[in-house]
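> The structure file structure21.csv (CSV, C-alpha atoms and all ligand atoms) is provided below.
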chain,number,residue,atom,x,y,z
U,1,MET,CA,46.6,-31.5,15.0
U,2,SER,CA,48.6,-30.9,18.1
U,3,ALA,CA,47.4,-28.2,20.5
U,4,ILE,CA,48.8,-24.9,19.6
U,5,THR,CA,46.9,-22.8,22.1
U,6,ALA,CA,49.0,-20.2,23.8
U,7,TRP,CA,48.4,-16.6,24.7
U,8,ARG,CA,51.6,-15.8,26.5
U,9,GLY,CA,55.1,-17.1,27.2
U,10,SER,CA,57.0,-16.5,24.1
U,11,GLY,CA,59.8,-14.0,23.5
U,12,LEU,CA,58.2,-13.3,20.1
U,13,GLN,CA,55.6,-11.2,21.9
U,14,ASN,CA,57.9,-8.2,21.7
U,15,GLU,CA,59.0,-8.7,18.2
U,16,LEU,CA,58.2,-6.2,15.4
U,17,THR,CA,55.2,-4.0,16.5
U,18,HIS,CA,53.5,-6.9,18.4
U,19,GLY,CA,51.9,-5.8,21.7
U,20,PHE,CA,53.3,-2.3,21.4
U,21,HIS,CA,50.0,-0.9,22.7
U,22,PRO,CA,48.9,-2.4,26.0
U,23,ARG,CA,45.3,-3.2,24.9
U,24,ILE,CA,43.9,-6.4,26.4
U,25,ALA,CA,44.0,-9.9,24.8
U,26,ALA,CA,46.8,-9.5,22.3
U,27,MET,CA,47.5,-12.9,20.7
U,28,ASN,CA,50.8,-14.8,20.8
U,29,PRO,CA,52.7,-14.5,17.5
U,30,GLN,CA,53.9,-18.1,17.6
U,31,THR,CA,50.3,-19.3,17.9
U,32,ILE,CA,49.3,-17.1,15.0
U,33,GLN,CA,52.1,-18.5,12.9
U,34,SER,CA,50.9,-22.1,13.6
U,35,LEU,CA,47.3,-21.1,12.7
U,36,LEU,CA,48.4,-19.3,9.6
U,37,SER,CA,50.3,-22.5,8.4
U,38,LEU,CA,46.9,-24.3,8.4
U,39,VAL,CA,45.2,-22.0,5.8
U,40,PRO,CA,45.9,-22.5,2.1
U,41,ALA,CA,48.9,-20.6,0.6
U,42,GLY,CA,48.2,-17.8,-1.8
U,43,GLY,CA,45.2,-15.4,-1.5
U,44,GLY,CA,44.1,-13.0,1.2
U,45,VAL,CA,43.7,-13.7,4.9
U,46,LYS,CA,41.2,-12.0,7.1
U,47,ASP,CA,40.8,-11.6,10.9
U,48,ILE,CA,37.3,-10.5,11.7
U,49,PHE,CA,38.1,-10.0,15.4
U,50,CYS,CA,41.4,-8.3,14.7
U,51,GLY,CA,41.8,-6.5,18.0
U,52,ALA,CA,45.3,-4.9,18.1
U,53,GLY,CA,46.2,-6.5,14.8
U,54,ALA,CA,48.6,-9.3,15.8
U,55,VAL,CA,47.3,-11.6,13.1
U,56,GLY,CA,47.8,-8.8,10.5
U,57,ILE,CA,51.5,-8.4,11.5
U,58,GLU,CA,52.1,-12.1,10.9
U,59,VAL,CA,50.1,-12.2,7.6
U,60,LEU,CA,52.2,-9.2,6.3
U,61,ARG,CA,55.4,-10.9,7.4
U,62,ASP,CA,54.3,-13.8,5.3
U,63,GLY,CA,53.9,-11.4,2.3
U,64,ARG,CA,50.2,-11.9,2.1
U,65,GLU,CA,47.2,-9.6,1.7
U,66,PHE,CA,45.6,-8.8,5.1
U,67,SER,CA,42.2,-7.4,6.0
U,68,GLY,CA,40.9,-6.9,9.5
U,69,VAL,CA,37.7,-6.0,11.2
U,70,ASP,CA,36.9,-5.1,14.7
U,71,ILE,CA,33.9,-3.6,16.5
U,72,SER,CA,36.0,-1.4,18.7
U,73,GLY,CA,37.3,1.9,17.2
U,74,LEU,CA,40.3,1.8,19.5
U,75,ALA,CA,41.2,-1.6,18.4
U,76,VAL,CA,40.9,-0.5,14.7
U,77,GLY,CA,43.2,2.5,15.4
U,78,ILE,CA,45.8,0.3,17.2
U,79,ALA,CA,45.7,-2.4,14.5
U,80,ARG,CA,46.1,0.2,11.7
U,81,ALA,CA,49.1,1.7,13.6
U,82,GLN,CA,50.7,-1.7,14.4
U,83,THR,CA,50.4,-3.0,10.8
U,84,TRP,CA,51.4,0.3,9.2
U,85,LEU,CA,54.0,0.1,6.4
U,86,PRO,CA,54.7,3.8,5.9
U,87,ALA,CA,56.2,5.2,2.7
U,88,ALA,CA,59.5,7.2,3.3
U,89,ASP,CA,57.7,10.5,3.0
U,90,GLU,CA,54.9,9.4,5.4
U,91,LEU,CA,57.5,8.3,8.0
U,92,ALA,CA,59.4,11.6,7.6
U,93,LEU,CA,56.2,13.5,8.1
U,94,PHE,CA,55.4,11.4,11.2
U,95,ARG,CA,58.8,12.1,12.7
U,96,GLY,CA,58.7,15.8,11.9
U,97,LEU,CA,55.3,16.2,13.5
U,98,THR,CA,56.5,14.3,16.5
U,99,VAL,CA,59.2,16.9,17.0
U,100,GLU,CA,56.6,19.7,16.7
U,101,ALA,CA,54.3,18.0,19.1
U,102,VAL,CA,57.1,17.6,21.7
U,103,ALA,CA,57.9,21.3,21.4
U,104,PHE,CA,54.2,22.2,21.8
U,105,ALA,CA,53.8,20.1,24.9
U,106,ALA,CA,57.1,21.3,26.4
U,107,GLU,CA,56.0,24.9,25.9
U,108,GLY,CA,52.8,24.3,27.8
U,109,GLU,CA,54.6,22.5,30.6
U,110,ALA,CA,57.0,25.5,31.1
U,111,THR,CA,54.0,27.6,32.2
U,112,GLN,CA,52.0,24.9,34.0
U,113,ALA,CA,51.6,25.0,37.7
U,114,ASP,CA,52.1,21.2,37.8
U,115,PRO,CA,54.6,20.3,35.1
U,116,SER,CA,53.9,16.6,35.6
U,117,ALA,CA,50.2,17.0,34.6
U,118,LEU,CA,49.4,15.2,31.3
U,119,ASP,CA,47.5,17.6,29.0
U,120,ILE,CA,46.3,14.8,26.7
U,121,ALA,CA,43.4,16.9,25.4
U,122,GLY,CA,45.6,19.9,24.6
U,123,LEU,CA,48.1,17.8,22.6
U,124,ARG,CA,45.3,16.0,20.8
U,125,GLU,CA,43.9,19.3,19.6
U,126,PHE,CA,47.3,20.3,18.4
U,127,LEU,CA,47.8,17.0,16.5
U,128,LEU,CA,44.4,17.4,14.8
U,129,ARG,CA,45.4,20.9,13.7
U,130,VAL,CA,48.8,20.1,12.2
U,131,ALA,CA,48.5,16.5,10.8
U,132,PRO,CA,46.8,15.6,7.5
U,133,PRO,CA,43.2,14.7,8.3
U,134,ALA,CA,41.7,11.2,8.6
U,135,PRO,CA,42.0,8.7,6.9
U,136,SER,CA,45.6,9.7,7.1
U,137,LEU,CA,47.7,7.0,8.7
U,138,VAL,CA,50.1,9.7,9.9
U,139,LEU,CA,47.4,11.2,12.1
U,140,ASN,CA,46.4,7.7,13.2
U,141,ALA,CA,50.0,7.0,14.2
U,142,LEU,CA,50.4,10.2,16.2
U,143,LEU,CA,47.1,9.6,18.1
U,144,PHE,CA,48.3,6.0,18.6
U,145,VAL,CA,51.4,7.3,20.4
U,146,LEU,CA,49.2,9.7,22.5
U,147,SER,CA,46.8,6.9,23.3
U,148,TYR,CA,49.7,4.7,24.4
U,149,VAL,CA,50.9,7.5,26.7
U,150,GLU,CA,47.4,7.9,28.1
U,151,HIS,CA,46.9,4.2,28.6
U,152,ASP,CA,50.2,3.8,30.3
U,153,VAL,CA,49.6,6.7,32.7
U,154,PHE,CA,51.1,6.1,36.1
U,155,PRO,CA,49.4,7.4,39.3
U,156,THR,CA,50.3,11.1,39.9
U,157,TRP,CA,52.9,10.3,42.5
U,158,ARG,CA,54.8,8.1,40.0
U,159,ARG,CA,54.8,10.6,37.2
U,160,PHE,CA,58.5,11.4,36.9
U,161,HIS,CA,58.3,12.8,33.4
U,162,PRO,CA,56.0,15.3,31.7
U,163,LEU,CA,53.9,14.5,28.6
U,164,SER,CA,56.5,16.0,26.2
U,165,HIS,CA,59.2,13.6,27.4
U,166,ARG,CA,56.9,10.6,27.4
U,167,PHE,CA,55.5,11.4,23.9
U,168,GLU,CA,59.0,11.7,22.5
U,169,LYS,CA,60.2,8.4,24.0
U,170,VAL,CA,57.2,6.4,22.9
U,171,ALA,CA,57.3,7.9,19.4
U,172,ALA,CA,61.0,7.0,19.1
U,173,ARG,CA,60.4,3.5,20.2
U,174,TYR,CA,57.4,3.1,17.9
U,175,SER,CA,59.3,4.5,15.0
U,176,ALA,CA,62.1,2.0,15.5
U,177,LYS,CA,59.5,-0.8,15.7
U,178,LEU,CA,58.0,0.3,12.4
U,179,GLY,CA,61.5,0.0,10.9
U,180,GLU,CA,61.7,-3.6,12.1
U,181,LEU,CA,58.3,-4.4,10.6
U,182,ARG,CA,59.2,-2.8,7.3
U,183,SER,CA,62.3,-4.9,7.0
U,184,ALA,CA,60.5,-8.1,8.0
U,185,VAL,CA,57.7,-7.7,5.4
U,186,PRO,CA,58.6,-8.8,1.8
U,187,ALA,CA,58.8,-5.9,-0.7
U,188,GLY,CA,55.6,-5.5,-2.7
U,189,THR,CA,53.2,-6.7,0.0
U,190,LYS,CA,50.0,-4.8,-0.1
U,191,ALA,CA,49.1,-2.5,2.8
U,192,ALA,CA,46.7,-3.9,5.4
U,193,GLU,CA,43.1,-2.9,5.2
U,194,ILE,CA,41.5,-2.5,8.6
U,195,HIS,CA,37.9,-1.5,9.2
U,196,LEU,CA,35.4,-0.9,11.9
U,197,GLY,CA,32.7,-3.5,11.5
U,198,ASP,CA,30.5,-6.1,13.1
U,199,ALA,CA,31.7,-9.6,12.3
U,200,GLN,CA,28.1,-10.8,12.2
U,201,ARG,CA,27.3,-8.5,9.3
U,202,LEU,CA,30.4,-8.4,7.0
U,203,SER,CA,29.6,-6.6,3.8
U,204,ALA,CA,29.9,-9.6,1.4
U,205,SER,CA,32.1,-8.7,-1.5
U,206,LEU,CA,30.3,-8.2,-4.8
U,207,SER,CA,32.8,-10.3,-6.8
U,208,ALA,CA,33.3,-14.0,-6.3
U,209,PRO,CA,34.4,-15.0,-2.8
U,210,SER,CA,38.1,-15.0,-2.9
U,211,LEU,CA,39.4,-15.3,0.7
U,212,ALA,CA,41.9,-18.1,1.3
U,213,GLY,CA,41.7,-18.0,5.1
U,214,VAL,CA,40.3,-16.5,8.2
U,215,VAL,CA,42.7,-16.6,11.1
U,216,THR,CA,41.2,-15.4,14.3
U,217,SER,CA,40.4,-15.5,18.0
U,218,PRO,CA,36.8,-14.6,18.7
U,219,PRO,CA,35.8,-13.2,22.1
U,220,TYR,CA,35.4,-16.0,24.7
U,221,PRO,CA,31.8,-16.1,26.2
U,222,GLY,CA,31.2,-13.6,28.9
U,223,VAL,CA,34.8,-12.7,29.7
U,224,TYR,CA,35.3,-9.1,28.6
U,225,ASP,CA,33.5,-5.9,27.7
U,226,TYR,CA,35.9,-4.9,25.0
U,227,VAL,CA,34.2,-1.8,23.7
U,228,GLU,CA,33.2,-0.4,27.1
U,229,THR,CA,36.8,-0.9,28.4
U,230,ASP,CA,38.3,0.7,25.3
U,231,VAL,CA,36.0,3.7,25.6
U,232,LEU,CA,36.9,4.3,29.2
U,233,GLN,CA,40.6,4.0,28.6
U,234,CYS,CA,40.8,6.3,25.5
U,235,THR,CA,40.2,10.0,25.3
U,236,ALA,CA,43.2,10.5,23.0
U,237,GLY,CA,40.8,10.4,20.0
U,238,LEU,CA,42.4,7.4,18.3
U,239,ALA,CA,39.1,5.5,18.4
U,240,GLU,CA,37.1,8.4,16.7
U,241,LEU,CA,39.2,8.1,13.6
U,242,ALA,CA,37.7,4.7,12.9
U,243,GLY,CA,34.2,6.1,12.6
U,244,ASP,CA,30.9,5.3,14.3
U,245,LEU,CA,29.3,1.9,14.0
U,246,GLY,CA,25.9,2.7,15.4
U,247,ALA,CA,23.9,-0.4,16.5
U,248,ALA,CA,26.5,-3.1,16.2
U,249,GLU,CA,26.6,-5.9,18.8
U,250,GLU,CA,29.7,-7.0,20.7
U,251,ILE,CA,29.8,-10.8,20.7
U,252,GLY,CA,29.6,-12.6,24.0
U,253,SER,CA,30.2,-9.6,26.2
U,254,LYS,CA,30.4,-9.8,30.0
U,255,LYS,CA,27.5,-7.4,30.2
U,256,GLN,CA,25.3,-9.7,28.1
U,257,ARG,CA,26.2,-12.5,30.5
U,258,GLU,CA,25.3,-10.4,33.5
U,259,GLU,CA,22.0,-9.1,32.0
U,260,LEU,CA,20.6,-12.3,30.5
U,261,SER,CA,19.6,-15.6,32.1
U,262,GLU,CA,21.9,-18.5,31.7
U,263,ASP,CA,19.8,-19.9,28.8
U,264,GLY,CA,19.3,-16.5,27.3
U,265,PHE,CA,23.1,-15.9,27.2
U,266,ARG,CA,23.6,-19.3,25.7
U,267,GLY,CA,21.0,-18.7,23.0
U,268,ARG,CA,22.5,-15.3,22.2
U,269,TRP,CA,26.0,-16.8,22.0
U,270,GLN,CA,24.8,-19.5,19.6
U,271,ALA,CA,23.0,-17.0,17.3
U,272,GLN,CA,26.1,-14.8,17.3
U,273,THR,CA,28.3,-17.8,16.4
U,274,VAL,CA,26.0,-18.8,13.6
U,275,ALA,CA,26.0,-15.2,12.2
U,276,TRP,CA,29.8,-14.7,12.2
U,277,LEU,CA,30.5,-18.1,10.8
U,278,ALA,CA,28.0,-17.6,8.0
U,279,ALA,CA,29.6,-14.2,7.2
U,280,CYS,CA,33.0,-15.9,6.9
U,281,GLU,CA,31.5,-18.7,4.8
U,282,ALA,CA,30.2,-16.1,2.3
U,283,GLU,CA,33.7,-14.5,1.8
U,284,LEU,CA,35.8,-17.7,1.7
U,285,ARG,CA,36.6,-19.4,-1.6
U,286,VAL,CA,36.0,-23.2,-1.9
U,287,GLY,CA,38.9,-24.9,-0.1
U,288,GLY,CA,39.4,-21.8,2.0
U,289,ARG,CA,39.8,-22.3,5.8
U,290,ILE,CA,39.0,-20.8,9.1
U,291,ALA,CA,41.7,-21.4,11.8
U,292,MET,CA,40.7,-20.1,15.2
U,293,LEU,CA,41.6,-20.1,18.8
U,294,ILE,CA,38.6,-20.0,21.2
U,295,GLY,CA,38.0,-20.7,24.9
U,296,ASP,CA,35.2,-21.9,27.1
U,297,ASN,CA,33.5,-19.9,29.8
U,298,ALA,CA,30.2,-19.4,31.5
U,299,GLY,CA,29.3,-23.1,31.1
U,300,ILE,CA,29.6,-22.8,27.3
U,301,ASP,CA,31.6,-25.3,25.3
U,302,SER,CA,32.7,-23.1,22.5
U,303,LYS,CA,33.8,-25.9,20.2
U,304,ALA,CA,30.4,-27.6,20.5
U,305,SER,CA,28.8,-24.2,19.6
U,306,VAL,CA,30.9,-24.0,16.4
U,307,GLU,CA,30.1,-27.6,15.5
U,308,GLU,CA,26.4,-26.9,15.9
U,309,ALA,CA,26.6,-23.6,14.0
U,310,ILE,CA,28.1,-25.1,10.9
U,311,ARG,CA,25.7,-28.0,10.7
U,312,GLY,CA,24.0,-27.9,7.2
U,313,SER,CA,26.5,-25.2,5.9
U,314,SER,CA,29.4,-25.7,3.4
U,315,LEU,CA,31.9,-25.5,6.3
U,316,GLU,CA,33.3,-28.7,7.7
U,317,LEU,CA,35.4,-29.4,10.7
U,318,VAL,CA,38.8,-30.6,9.6
U,319,ALA,CA,40.6,-30.9,12.9
U,320,SER,CA,40.6,-29.6,16.4
U,321,ALA,CA,42.7,-29.7,19.6
U,322,THR,CA,41.7,-28.9,23.1
U,323,VAL,CA,43.9,-27.9,26.0
U,324,GLY,CA,43.2,-26.9,29.6
U,325,GLU,CA,45.3,-24.6,31.7
U,326,ASP,CA,46.5,-27.7,33.7
U,327,ALA,CA,48.3,-29.0,30.6
U,328,ARG,CA,50.3,-25.7,30.5
U,329,ARG,CA,50.5,-24.8,34.1
U,330,PRO,CA,49.4,-27.6,36.5
U,331,TRP,CA,48.9,-25.2,39.4
U,332,ALA,CA,46.4,-23.1,37.5
U,333,LYS,CA,43.4,-25.3,38.1
U,334,HIS,CA,42.5,-23.3,41.2
U,335,LYS,CA,42.7,-20.0,39.5
U,336,ARG,CA,39.5,-18.0,39.0
U,337,ASN,CA,39.9,-17.7,35.3
U,338,TYR,CA,40.9,-21.3,34.6
U,339,ARG,CA,40.1,-22.0,31.0
U,340,ILE,CA,39.8,-24.8,28.4
U,341,GLU,CA,40.7,-23.6,25.0
U,342,HIS,CA,40.3,-25.0,21.5
U,343,THR,CA,42.1,-24.7,18.3
U,344,ILE,CA,39.6,-25.3,15.5
U,345,LEU,CA,40.1,-25.7,11.8
U,346,LEU,CA,37.2,-25.5,9.3
U,347,GLU,CA,37.2,-25.8,5.6
U,348,LYS,CA,34.7,-24.6,3.0
U,349,ARG,CA,33.7,-27.5,0.8
S,1,LIG,C1,40.1,-12.2,21.7
S,1,LIG,S1,40.0,-10.5,21.1
S,1,LIG,C2,41.0,-10.6,19.7
S,1,LIG,C3,42.4,-10.2,20.0
S,1,LIG,C4,43.3,-10.1,18.8
S,1,LIG,N1,43.5,-11.4,18.2
S,1,LIG,C5,44.6,-9.4,19.2
S,1,LIG,O1,45.7,-10.1,19.0
S,1,LIG,O2,44.6,-8.3,19.7
S,1,LIG,C6,38.4,-10.5,20.4
S,1,LIG,C7,38.1,-9.2,19.7
S,1,LIG,O3,36.7,-9.2,19.1
S,1,LIG,C8,36.2,-7.9,19.0
S,1,LIG,N2,34.8,-8.1,18.8
S,1,LIG,C9,33.8,-8.3,19.7
S,1,LIG,N3,32.6,-8.4,19.1
S,1,LIG,C10,32.8,-8.1,17.8
S,1,LIG,C11,31.9,-8.1,16.7
S,1,LIG,N4,30.6,-8.2,16.7
S,1,LIG,N5,32.5,-7.8,15.5
S,1,LIG,C12,33.8,-7.6,15.4
S,1,LIG,N6,34.7,-7.6,16.4
S,1,LIG,C13,34.2,-7.9,17.6
S,1,LIG,C14,36.7,-7.3,20.3
S,1,LIG,O4,36.7,-5.9,20.2
S,1,LIG,C15,38.1,-7.9,20.5
S,1,LIG,O5,39.1,-7.0,20.0
Let me see the file written as structure tokens.

Amino acid sequence: MSAITAWRGSGLQNELTHGFHPRIAAMNPQTIQSLLSLVPAGGGVKDIFCGAGAVGIEVLRDGREFSGVDISGLAVGIARAQTWLPAADELALFRGLTVEAVAFAAEGEATQADPSALDIAGLREFLLRVAPPAPSLVLNALLFVLSYVEHDVFPTWRRFHPLSHRFEKVAARYSAKLGELRSAVPAGTKAAEIHLGDAQRLSASLSAPSLAGVVTSPPYPGVYDYVETDVLQCTAGLAELAGDLGAAEEIGSKKQREELSEDGFRGRWQAQTVAWLAACEAELRVGGRIAMLIGDNAGIDSKASVEEAIRGSSLELVASATVGEDARRPWAKHKRNYRIEHTILLEKR
């Protein structure tokens, strides 16, 4: 298996709804396509660390059933919005409510002392009043646009445009992207199912395991605090639509790395790797595969962790490829976040 590790550097990154929302760590569509080609054809594909839903977009484009899970409410909201295949009446409702929202924000701005102030909370209240309630994907899409505007906020001195203008522009661009996605997905493809959940405790399906593949990129050890970063960056309410997970545990967070001893963090990482792989094993059919992209950090060799975690299970290593930053960008060796990354393919026997 040749190395197919790549996070950036392809024009496809702006295709369809890919990377529309600027949440961290969105995966490269070309890499996803390569990983997807390694799992058996036919049958559903799942991403248990779905983030902003990039894998979902490619699975839908392939005409296959997709389900996604993430521990971050914001990620779930973004993934739902970026994989949304709205029916004609839903799209019309989204566009109509956008017009109303723009008028509402503009009215407020006309009487505001500072017309460039972004009244995110005010517009959020309005949207919650006028849109069909959750689990409506129309409401999710409207809060997605608001969350984008909030995420992309410029410092005050650079705010040339008020909220009404920005909301209108982002909604129009998103609506055009949804059209592109709709035309790229084969007719009859089932809508994506995306849920808030902990990959270590997937609710195993009651029927026989039926999943053909898991295509995913787990967190890298000790690099990010996804949930905390998301909470800080989002007051637009998109995250709340996903629900509340209670005591779920983010895998390999930077915080865990800072709080635990080196051995403690390593042990925790190994236990988490065992747990999420066992959860996938339970959902995969025999012959089903897990194709993943994962990196090393904090002295942890992630590939070795996976190999140790599947020992004695029905999962077997089929192939792997490893690449360092120096293979892609020779000058990067001196960078602080220099990384070795692995593409790993497992099969349930
Ligand atoms: C490398 S990112 C995946 C990015 C995704 N492929 C994309 O294109 O946006 C890892 C994801 O794992 C999620 N995550 C961390 N711990 C988790 C857990 N216990 N269960 C489910 N998701 C988790 C994070 O919120 C983050 O979105």
> For ligand LIG 1 (chain S), list the contacting residues at 9 Å or closer, counting all atoms listed in the file, as JSON, numbers by chain.
{"U": [18, 19, 23, 24, 25, 26, 27, 28, 29, 32, 47, 48, 49, 50, 51, 52, 53, 54, 55, 56, 69, 70, 71, 72, 73, 74, 75, 76, 79, 196, 197, 198, 199, 200, 201, 202, 215, 216, 217, 218, 219, 220, 224, 225, 226, 227, 230, 248, 249, 250, 251, 252, 253, 272, 276, 293, 294]}
> Would you mind exporting C-alpha atoms of the selected residues as a PDB file, in the coordinates of the input?

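Resulting contents of result26.pdb:
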ATOM      1  CA  HIS U  18      53.500  -6.900  18.400  1.00  0.00           C
ATOM      2  CA  GLY U  19      51.900  -5.800  21.700  1.00  0.00           C
ATOM      3  CA  ARG U  23      45.300  -3.200  24.900  1.00  0.00           C
ATOM      4  CA  ILE U  24      43.900  -6.400  26.400  1.00  0.00           C
ATOM      5  CA  ALA U  25      44.000  -9.900  24.800  1.00  0.00           C
ATOM      6  CA  ALA U  26      46.800  -9.500  22.300  1.00  0.00           C
ATOM      7  CA  MET U  27      47.500 -12.900  20.700  1.00  0.00           C
ATOM      8  CA  ASN U  28      50.800 -14.800  20.800  1.00  0.00           C
ATOM      9  CA  PRO U  29      52.700 -14.500  17.500  1.00  0.00           C
ATOM     10  CA  ILE U  32      49.300 -17.100  15.000  1.00  0.00           C
ATOM     11  CA  ASP U  47      40.800 -11.600  10.900  1.00  0.00           C
ATOM     12  CA  ILE U  48      37.300 -10.500  11.700  1.00  0.00           C
ATOM     13  CA  PHE U  49      38.100 -10.000  15.400  1.00  0.00           C
ATOM     14  CA  CYS U  50      41.400  -8.300  14.700  1.00  0.00           C
ATOM     15  CA  GLY U  51      41.800  -6.500  18.000  1.00  0.00           C
ATOM     16  CA  ALA U  52      45.300  -4.900  18.100  1.00  0.00           C
ATOM     17  CA  GLY U  53      46.200  -6.500  14.800  1.00  0.00           C
ATOM     18  CA  ALA U  54      48.600  -9.300  15.800  1.00  0.00           C
ATOM     19  CA  VAL U  55      47.300 -11.600  13.100  1.00  0.00           C
ATOM     20  CA  GLY U  56      47.800  -8.800  10.500  1.00  0.00           C
ATOM     21  CA  VAL U  69      37.700  -6.000  11.200  1.00  0.00           C
ATOM     22  CA  ASP U  70      36.900  -5.100  14.700  1.00  0.00           C
ATOM     23  CA  ILE U  71      33.900  -3.600  16.500  1.00  0.00           C
ATOM     24  CA  SER U  72      36.000  -1.400  18.700  1.00  0.00           C
ATOM     25  CA  GLY U  73      37.300   1.900  17.200  1.00  0.00           C
ATOM     26  CA  LEU U  74      40.300   1.800  19.500  1.00  0.00           C
ATOM     27  CA  ALA U  75      41.200  -1.600  18.400  1.00  0.00           C
ATOM     28  CA  VAL U  76      40.900  -0.500  14.700  1.00  0.00           C
ATOM     29  CA  ALA U  79      45.700  -2.400  14.500  1.00  0.00           C
ATOM     30  CA  LEU U 196      35.400  -0.900  11.900  1.00  0.00           C
ATOM     31  CA  GLY U 197      32.700  -3.500  11.500  1.00  0.00           C
ATOM     32  CA  ASP U 198      30.500  -6.100  13.100  1.00  0.00           C
ATOM     33  CA  ALA U 199      31.700  -9.600  12.300  1.00  0.00           C
ATOM     34  CA  GLN U 200      28.100 -10.800  12.200  1.00  0.00           C
ATOM     35  CA  ARG U 201      27.300  -8.500   9.300  1.00  0.00           C
ATOM     36  CA  LEU U 202      30.400  -8.400   7.000  1.00  0.00           C
ATOM     37  CA  VAL U 215      42.700 -16.600  11.100  1.00  0.00           C
ATOM     38  CA  THR U 216      41.200 -15.400  14.300  1.00  0.00           C
ATOM     39  CA  SER U 217      40.400 -15.500  18.000  1.00  0.00           C
ATOM     40  CA  PRO U 218      36.800 -14.600  18.700  1.00  0.00           C
ATOM     41  CA  PRO U 219      35.800 -13.200  22.100  1.00  0.00           C
ATOM     42  CA  TYR U 220      35.400 -16.000  24.700  1.00  0.00           C
ATOM     43  CA  TYR U 224      35.300  -9.100  28.600  1.00  0.00           C
ATOM     44  CA  ASP U 225      33.500  -5.900  27.700  1.00  0.00           C
ATOM     45  CA  TYR U 226      35.900  -4.900  25.000  1.00  0.00           C
ATOM     46  CA  VAL U 227      34.200  -1.800  23.700  1.00  0.00           C
ATOM     47  CA  ASP U 230      38.300   0.700  25.300  1.00  0.00           C
ATOM     48  CA  ALA U 248      26.500  -3.100  16.200  1.00  0.00           C
ATOM     49  CA  GLU U 249      26.600  -5.900  18.800  1.00  0.00           C
ATOM     50  CA  GLU U 250      29.700  -7.000  20.700  1.00  0.00           C
ATOM     51  CA  ILE U 251      29.800 -10.800  20.700  1.00  0.00           C
ATOM     52  CA  GLY U 252      29.600 -12.600  24.000  1.00  0.00           C
ATOM     53  CA  SER U 253      30.200  -9.600  26.200  1.00  0.00           C
ATOM     54  CA  GLN U 272      26.100 -14.800  17.300  1.00  0.00           C
ATOM     55  CA  TRP U 276      29.800 -14.700  12.200  1.00  0.00           C
ATOM     56  CA  LEU U 293      41.600 -20.100  18.800  1.00  0.00           C
ATOM     57  CA  ILE U 294      38.600 -20.000  21.200  1.00  0.00           C
TER      58      ILE U 294
END
> When you look at Leu146 in chain U with a cut-off of 8 Å (counting all atoms listed in the file), what residues show up, excluding the ones that are within fewer than 3 positions of it in the same chain? I need them as number ranges by chain.
U: 120, 124, 142-143, 149-150, 167, 236
> Could you tell me how far CA of Ala309 in chain U sits from CA of Asp296 in chain U, in Å to one decimal place?
15.8 Å
> For the point (55.8, 13.3, 19.5) in file coordinates, what residues are within 6 Å, counting only C-alpha atoms? Give the answer as a PyMOL selection string?
chain U and resi 98-99+101-102+167-168+171
> Which residues are close to Glu65 in chain U, i.e. within 7 Å by all atoms listed in the file, leaving aside same-chain residues fewer than 2 positions away? Reply as a ChimeraX atom specification.
/U:43-45,60,63,67,189-190,192
> Okay, now the selection with C-alpha atoms, as a PDB file, keeping the file's coordinate frame?

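The new file out.pdb reads:
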ATOM      1  CA  GLY U  43      45.200 -15.400  -1.500  1.00  0.00           C
ATOM      2  CA  GLY U  44      44.100 -13.000   1.200  1.00  0.00           C
ATOM      3  CA  VAL U  45      43.700 -13.700   4.900  1.00  0.00           C
ATOM      4  CA  LEU U  60      52.200  -9.200   6.300  1.00  0.00           C
ATOM      5  CA  GLY U  63      53.900 -11.400   2.300  1.00  0.00           C
ATOM      6  CA  SER U  67      42.200  -7.400   6.000  1.00  0.00           C
ATOM      7  CA  THR U 189      53.200  -6.700   0.000  1.00  0.00           C
ATOM      8  CA  LYS U 190      50.000  -4.800  -0.100  1.00  0.00           C
ATOM      9  CA  ALA U 192      46.700  -3.900   5.400  1.00  0.00           C
TER      10      ALA U 192
END
> Would you mind telling me which residue in U:Ser136, U:Asn14, U:Ser313, U:Gln256 lies nearest to Ala298 in chain U when using all atoms listed in the file?
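When distances to Ala298 in chain U are compared using all atoms listed in the file, the smallest one comes from U:Gln256.
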> Using Å and a single decimal, report how far CA of Val286 in chain U sits from CA of Asp301 in chain U.
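Computing the Euclidean distance for CA of Asp301 in chain U and CA of Val286 in chain U yields 27.6 Å.
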> When distances are computed from all atoms listed in the file, which of U:Arg257, U:Arg339, U:Arg61, U:Arg349 shows the smallest separation from Ala187 in chain U?
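When distances to Ala187 in chain U are compared using all atoms listed in the file, the smallest one comes from U:Arg61.
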> Which residue out of U:Gly213, U:Gly295, U:Gly42, U:Gly264 has the minimum interatomic distance to Asp62 in chain U when all atoms listed in the file are used?
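The shortest atom-to-atom distance to Asp62 in chain U comes from U:Gly42.
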> Between CA of Ala319 in chain U and CA of Leu345 in chain U, measure the distance and give it in Å to one decimal.
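Distance between the two atoms: 5.3 Å.
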> Determine, counting all atoms listed in the file, every residue of protein, DNA or RNA that lies within 12 Å of (50.8, -22.6, 10.1) in the file coordinates, then give the result as a ChimeraX atom specification.
/U:1-2,4,29-41,55,58-59,62,213,215,289-292,345
> Output as JSON the centre and edge lengths (Å, one decimal) of the box along x, y and z of the file that holds every listed atom of range 63-81 of chain U after adding 5 Å on each side.

{"center_x": 43.9, "center_y": -4.7, "center_z": 10.6, "size_x": 30.0, "size_y": 24.4, "size_z": 27.8}
> For Ala81 in chain U, which residue out of U:Thr235, U:Ser164, U:Thr17, U:Thr111 is the nearest one, using all atoms listed in the file?
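Answer, going by the shortest atom-to-atom distance: U:Thr17.
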